[in-house]
Amino acid sequence: MTVLLFVGCAKESVYQTSFEKIDHASDSAYVSRYFLPELPNWINFSNVGKCRRNSSIKYLNFEQFRNSFALSYESAIQFQLLYNTGYLNLKSVHKTEYVTPQSEKKLFFEILDKIKADIEGFRIPKYKRINLVWIDPFYR
């Protein structure tokens, strides 16, 4: 009976580097799982209004997001507003079309901390009835 025994060793830094890469990839995947797929560009056009949205909005998967962080519906709406505002701000500051996964993850958790601290982007009126007047200029 023959027993073969293989002993191997490797440098610790090789494992550290590979874990870092996996860690960054999993972090961006962790954040992106709370968002729905981005809409195509053609959907950002309104035939009725004859206008085009210049940048795409990132929509949350509300059910999964709320269940993971135990947030109310109103808090999830606040998060979506603050996140999209911050996301568009990052794109304009860096003058790029896309935001890096690390920046996106940082923004995600900064906004989540704000929501948990009750810092809101807007206050929902407590009135039972709201009268809204929409003024839309008519051009010929």
# chains A, B, ... in the order shown; residues from 1 in each chain; ligands from 1
>>> residues_around(residues="Tyr98 in chain A", least_positions_apart="5", cutoff="10 Å", atoms="only C-alpha atoms", output="list in words")
Tyr87, Leu88, Leu90, Lys91, Ser92 and Glu104 of chain A
>>> residues_around(residues="Gln78 in chain A", least_positions_apart="2", cutoff="9 Å", atoms="only C-alpha atoms", output="PyMOL selection string")
chain A and resi 73-76+80-83+115+119-122
>>> residues_around(residues="range 37-44 of chain A", least_positions_apart="6", cutoff="8 Å", atoms="only C-alpha atoms", output="PyMOL selection string")
chain A and resi 52-54+56-59
>>> write_last_selection(atoms="N, CA and C atoms", output="short mmCIF file (atom, residue, chain, number, x, y, z; two decimals), in the first residue's frame")
data_model
loop_
_atom_site.label_atom_id
_atom_site.label_comp_id
_atom_site.auth_asym_id
_atom_site.auth_seq_id
_atom_site.Cartn_x
_atom_site.Cartn_y
_atom_site.Cartn_z
N ARG A 52 -37.26 64.40 -22.98
CA ARG A 52 -36.41 63.25 -22.70
C ARG A 52 -35.68 63.46 -21.38
N ARG A 53 -35.68 62.41 -20.57
CA ARG A 53 -34.89 62.44 -19.34
C ARG A 53 -33.44 62.16 -19.72
N ASN A 54 -32.53 63.03 -19.29
CA ASN A 54 -31.13 62.91 -19.68
C ASN A 54 -30.40 61.77 -18.99
N SER A 56 -30.75 58.14 -16.44
CA SER A 56 -31.62 57.08 -16.00
C SER A 56 -31.77 57.09 -14.48
N ILE A 57 -32.94 56.68 -14.00
CA ILE A 57 -33.20 56.59 -12.57
C ILE A 57 -33.00 55.14 -12.14
N LYS A 58 -32.40 54.96 -10.98
CA LYS A 58 -32.22 53.61 -10.44
C LYS A 58 -33.40 53.31 -9.53
N TYR A 59 -34.16 52.28 -9.88
CA TYR A 59 -35.35 51.91 -9.11
C TYR A 59 -35.03 50.79 -8.13
#
>>> residues_around(residues="Phe62 in chain A", least_positions_apart="2", cutoff="8 Å", atoms="only C-alpha atoms", output="PDB file with C-alpha atoms, in the first residue's frame")
ATOM      1  CA  TYR A  34     -31.521  45.806  -4.097  1.00  0.00           C
ATOM      2  CA  LEU A  60     -35.294  49.959  -5.863  1.00  0.00           C
ATOM      3  CA  GLN A  64     -36.348  42.983  -0.931  1.00  0.00           C
ATOM      4  CA  PHE A  65     -34.902  46.295   0.298  1.00  0.00           C
ATOM      5  CA  ARG A  66     -37.539  46.801   2.983  1.00  0.00           C
ATOM      6  CA  TYR A  73     -42.558  52.174   2.707  1.00  0.00           C
ATOM      7  CA  ALA A  76     -37.794  53.309   1.182  1.00  0.00           C
TER       8      ALA A  76
END
>>> closest_residue(among="A:Phe79, A:Glu63, A:Ser68, A:Phe35", to="Leu112 in chain A", atoms="only C-alpha atoms")
A:Phe79
>>> closest_residue(among="A:Asn61, A:Thr100, A:Ser55, A:Asn131", to="Arg33 in chain A", atoms="only C-alpha atoms")
A:Asn61
>>> atom_distance(atom1="CA of Asn89 in chain A", atom2="CA of Lys114 in chain A")
16.6 Å
>>> closest_residue(among="A:Ala117, A:Tyr30, A:His94, A:Thr85", to="Leu71 in chain A", atoms="only C-alpha atoms")
A:Ala117
>>> atom_distance(atom1="CA of Asp113 in chain A", atom2="CA of Ile77 in chain A")
14.5 Å
>>> select_by_dssp(residues="range 28-125 of chain A", states="strand (DSSP E)", output="ChimeraX atom specification")
/A:45-46,51-52
